[in-house]
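Reproduced below: final.pdb, with PDB, C-alpha atoms.
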```pdb
ATOM      1  CA  MET A   1     129.217  70.385 138.416
ATOM      2  CA  LEU A   2     125.483  70.048 139.036
ATOM      3  CA  ILE A   3     124.587  71.012 135.459
ATOM      4  CA  ASP A   4     127.134  68.540 134.079
ATOM      5  CA  PHE A   5     125.861  65.760 136.353
ATOM      6  CA  ALA A   6     122.239  66.406 135.345
ATOM      7  CA  ASN A   7     123.124  66.373 131.642
ATOM      8  CA  VAL A   8     125.098  63.121 131.918
ATOM      9  CA  TYR A   9     122.181  61.494 133.730
ATOM     10  CA  ALA A  10     119.641  62.836 131.224
ATOM     11  CA  LYS A  11     121.679  61.398 128.353
ATOM     12  CA  GLU A  12     122.028  58.031 130.113
ATOM     13  CA  VAL A  13     118.256  57.711 130.444
ATOM     14  CA  GLY A  14     117.616  58.644 126.820
ATOM     15  CA  PHE A  15     117.123  62.382 126.602
ATOM     16  CA  VAL A  16     118.693  64.197 123.647
ATOM     17  CA  LYS A  17     118.193  67.775 124.917
ATOM     18  CA  THR A  18     117.896  69.615 128.210
ATOM     19  CA  TYR A  19     116.178  72.929 128.838
ATOM     20  CA  ILE A  20     116.689  75.636 131.443
ATOM     21  CA  PRO A  21     114.263  78.528 131.986
ATOM     22  CA  SER A  22     115.957  81.546 133.524
ATOM     23  CA  GLU A  23     115.713  85.292 133.982
ATOM     24  CA  HIS A  24     119.470  85.546 133.465
ATOM     25  CA  SER A  25     121.227  86.315 130.216
ATOM     26  CA  GLY A  26     124.803  85.230 129.536
ATOM     27  CA  LEU A  27     125.082  82.644 132.312
ATOM     28  CA  TYR A  28     124.005  79.364 130.759
ATOM     29  CA  GLU A  29     125.745  80.032 127.455
ATOM     30  CA  LYS A  30     128.955  79.328 129.390
ATOM     31  CA  TYR A  31     127.701  75.754 129.840
ATOM     32  CA  GLY A  32     126.836  75.145 126.185
ATOM     33  CA  TYR A  33     123.211  76.284 126.249
ATOM     34  CA  HIS A  34     121.664  78.395 123.521
ATOM     35  CA  TYR A  35     118.805  80.854 123.824
ATOM     36  CA  LEU A  36     115.640  79.372 122.287
ATOM     37  CA  LYS A  37     112.805  81.816 123.046
ATOM     38  CA  ASP A  38     111.037  83.822 125.731
ATOM     39  CA  ILE A  39     108.408  81.981 127.778
ATOM     40  CA  VAL A  40     105.835  82.976 130.410
ATOM     41  CA  ASN A  41     106.762  81.661 133.868
ATOM     42  CA  TYR A  42     104.445  80.607 136.701
ATOM     43  CA  GLY A  43     104.302  84.148 138.084
ATOM     44  CA  ASN A  44     103.221  85.514 134.680
ATOM     45  CA  GLY A  45     106.659  87.035 134.174
ATOM     46  CA  THR A  46     108.980  86.373 131.275
ATOM     47  CA  ASP A  47     111.889  83.929 131.347
ATOM     48  CA  ARG A  48     114.428  83.065 128.694
ATOM     49  CA  LEU A  49     114.386  79.407 127.661
ATOM     50  CA  TYR A  50     117.769  77.816 126.975
ATOM     51  CA  VAL A  51     118.407  74.461 125.282
ATOM     52  CA  LYS A  52     121.427  72.160 125.021
ATOM     53  CA  GLU A  53     121.874  69.192 122.680
ATOM     54  CA  LEU A  54     123.329  66.253 124.582
TER      55      LEU A  54
END
```

Whole structure given in structure tokens:
Amino acid sequence: MLIDFANVYAKEVGFVKTYIPSEHSGLYEKYGYHYLKDIVNYGNGTDRLYVKEL
């Protein structure tokens, strides 16, 4: 519900995409996100970056 609420709000204020960085694989795809690329996080570890078109 929180992801859906955030995406509705983002679209209302003019965003066309949302991004989620995460260590998890297979979770956010259930909510319509697609893997974009690996990124370096604040702890110098690696996260997966997911994107969703709104």

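Atom CA of A:His24 lies 16.3 Å from atom CA of A:Asn44.
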
Between atom CA of A:Thr18 and atom CA of A:Tyr50, measure the distance and give it in Å to one decimal.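 The value is 8.3 Å.
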
Which one is closest to A:Thr46: A:Tyr28, A:Ser22, A:Val16, A:His34? Count all atoms listed in the file.
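Of A:Tyr28, A:Ser22, A:Val16, A:His34, the one nearest A:Thr46, counting all atoms listed in the file, is A:Ser22.
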
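Counting only C-alpha atoms, the residue from A:Lys37, A:Leu54, A:Tyr42, A:Pro21 that sits nearest to A:Asp4 is A:Leu54.
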
Correct to one decimal, the distance atom CA of A:Val8-atom CA of A:Leu49 is 20.0 Å

For this session: Find the residue from A:Val13, A:Met1, A:Ala6, A:Val51 that sits nearest to A:Asp38; use all atoms listed in the file when measuring.
Result: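 Looking only at the distances to A:Asp38, the closest residue turns out to be A:Val51.
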
Write out as an MDAnalysis selection string which residues come within 12 Å of A:Asn7 when counting all atoms listed in the file, dropping same-chain ones fewer than 4 positions away. chainID A and resid 1:3 11:20 31:33 51:54

Your completed stretch 3-23 of chain A with N, CA and C atoms, as a PDB file, keeping the file's coordinate frame:
```pdb
ATOM      1  N   ILE A   3     125.111  71.011 136.828  1.00  0.00           N
ATOM      2  CA  ILE A   3     124.587  71.012 135.459  1.00  0.00           C
ATOM      3  C   ILE A   3     125.181  69.856 134.665  1.00  0.00           C
ATOM      4  N   ASP A   4     126.485  69.649 134.793  1.00  0.00           N
ATOM      5  CA  ASP A   4     127.134  68.540 134.079  1.00  0.00           C
ATOM      6  C   ASP A   4     126.577  67.195 134.528  1.00  0.00           C
ATOM      7  N   PHE A   5     126.401  67.012 135.827  1.00  0.00           N
ATOM      8  CA  PHE A   5     125.861  65.760 136.353  1.00  0.00           C
ATOM      9  C   PHE A   5     124.459  65.514 135.815  1.00  0.00           C
ATOM     10  N   ALA A   6     123.614  66.547 135.831  1.00  0.00           N
ATOM     11  CA  ALA A   6     122.239  66.406 135.345  1.00  0.00           C
ATOM     12  C   ALA A   6     122.214  66.055 133.858  1.00  0.00           C
ATOM     13  N   ASN A   7     123.094  66.658 133.077  1.00  0.00           N
ATOM     14  CA  ASN A   7     123.124  66.373 131.642  1.00  0.00           C
ATOM     15  C   ASN A   7     123.628  64.966 131.346  1.00  0.00           C
ATOM     16  N   VAL A   8     124.614  64.493 132.091  1.00  0.00           N
ATOM     17  CA  VAL A   8     125.098  63.121 131.918  1.00  0.00           C
ATOM     18  C   VAL A   8     123.979  62.143 132.245  1.00  0.00           C
ATOM     19  N   TYR A   9     123.285  62.375 133.341  1.00  0.00           N
ATOM     20  CA  TYR A   9     122.181  61.494 133.730  1.00  0.00           C
ATOM     21  C   TYR A   9     121.064  61.525 132.683  1.00  0.00           C
ATOM     22  N   ALA A  10     120.696  62.711 132.229  1.00  0.00           N
ATOM     23  CA  ALA A  10     119.641  62.836 131.224  1.00  0.00           C
ATOM     24  C   ALA A  10     119.994  62.052 129.965  1.00  0.00           C
ATOM     25  N   LYS A  11     121.240  62.130 129.547  1.00  0.00           N
ATOM     26  CA  LYS A  11     121.679  61.398 128.353  1.00  0.00           C
ATOM     27  C   LYS A  11     121.631  59.890 128.593  1.00  0.00           C
ATOM     28  N   GLU A  12     122.041  59.464 129.782  1.00  0.00           N
ATOM     29  CA  GLU A  12     122.028  58.031 130.113  1.00  0.00           C
ATOM     30  C   GLU A  12     120.630  57.439 130.066  1.00  0.00           C
ATOM     31  N   VAL A  13     119.624  58.228 130.428  1.00  0.00           N
ATOM     32  CA  VAL A  13     118.256  57.711 130.444  1.00  0.00           C
ATOM     33  C   VAL A  13     117.507  58.003 129.148  1.00  0.00           C
ATOM     34  N   GLY A  14     118.207  58.542 128.148  1.00  0.00           N
ATOM     35  CA  GLY A  14     117.616  58.644 126.820  1.00  0.00           C
ATOM     36  C   GLY A  14     117.220  60.011 126.310  1.00  0.00           C
ATOM     37  N   PHE A  15     117.454  61.050 127.085  1.00  0.00           N
ATOM     38  CA  PHE A  15     117.123  62.382 126.602  1.00  0.00           C
ATOM     39  C   PHE A  15     118.176  62.848 125.599  1.00  0.00           C
ATOM     40  N   VAL A  16     117.760  63.669 124.636  1.00  0.00           N
ATOM     41  CA  VAL A  16     118.693  64.197 123.647  1.00  0.00           C
ATOM     42  C   VAL A  16     118.908  65.702 123.810  1.00  0.00           C
ATOM     43  N   LYS A  17     118.084  66.340 124.649  1.00  0.00           N
ATOM     44  CA  LYS A  17     118.193  67.775 124.917  1.00  0.00           C
ATOM     45  C   LYS A  17     117.821  68.039 126.373  1.00  0.00           C
ATOM     46  N   THR A  18     118.369  69.119 126.924  1.00  0.00           N
ATOM     47  CA  THR A  18     117.896  69.615 128.210  1.00  0.00           C
ATOM     48  C   THR A  18     117.563  71.093 128.054  1.00  0.00           C
ATOM     49  N   TYR A  19     116.658  71.549 128.889  1.00  0.00           N
ATOM     50  CA  TYR A  19     116.178  72.929 128.838  1.00  0.00           C
ATOM     51  C   TYR A  19     116.324  73.580 130.200  1.00  0.00           C
ATOM     52  N   ILE A  20     116.625  74.861 130.209  1.00  0.00           N
ATOM     53  CA  ILE A  20     116.689  75.636 131.443  1.00  0.00           C
ATOM     54  C   ILE A  20     115.942  76.953 131.231  1.00  0.00           C
ATOM     55  N   PRO A  21     114.888  77.203 132.015  1.00  0.00           N
ATOM     56  CA  PRO A  21     114.263  78.528 131.986  1.00  0.00           C
ATOM     57  C   PRO A  21     114.975  79.418 133.002  1.00  0.00           C
ATOM     58  N   SER A  22     115.227  80.659 132.626  1.00  0.00           N
ATOM     59  CA  SER A  22     115.957  81.546 133.524  1.00  0.00           C
ATOM     60  C   SER A  22     115.687  83.004 133.191  1.00  0.00           C
ATOM     61  N   GLU A  23     115.791  83.850 134.195  1.00  0.00           N
ATOM     62  CA  GLU A  23     115.713  85.292 133.982  1.00  0.00           C
ATOM     63  C   GLU A  23     117.055  85.852 133.535  1.00  0.00           C
TER      64      GLU A  23
END
```
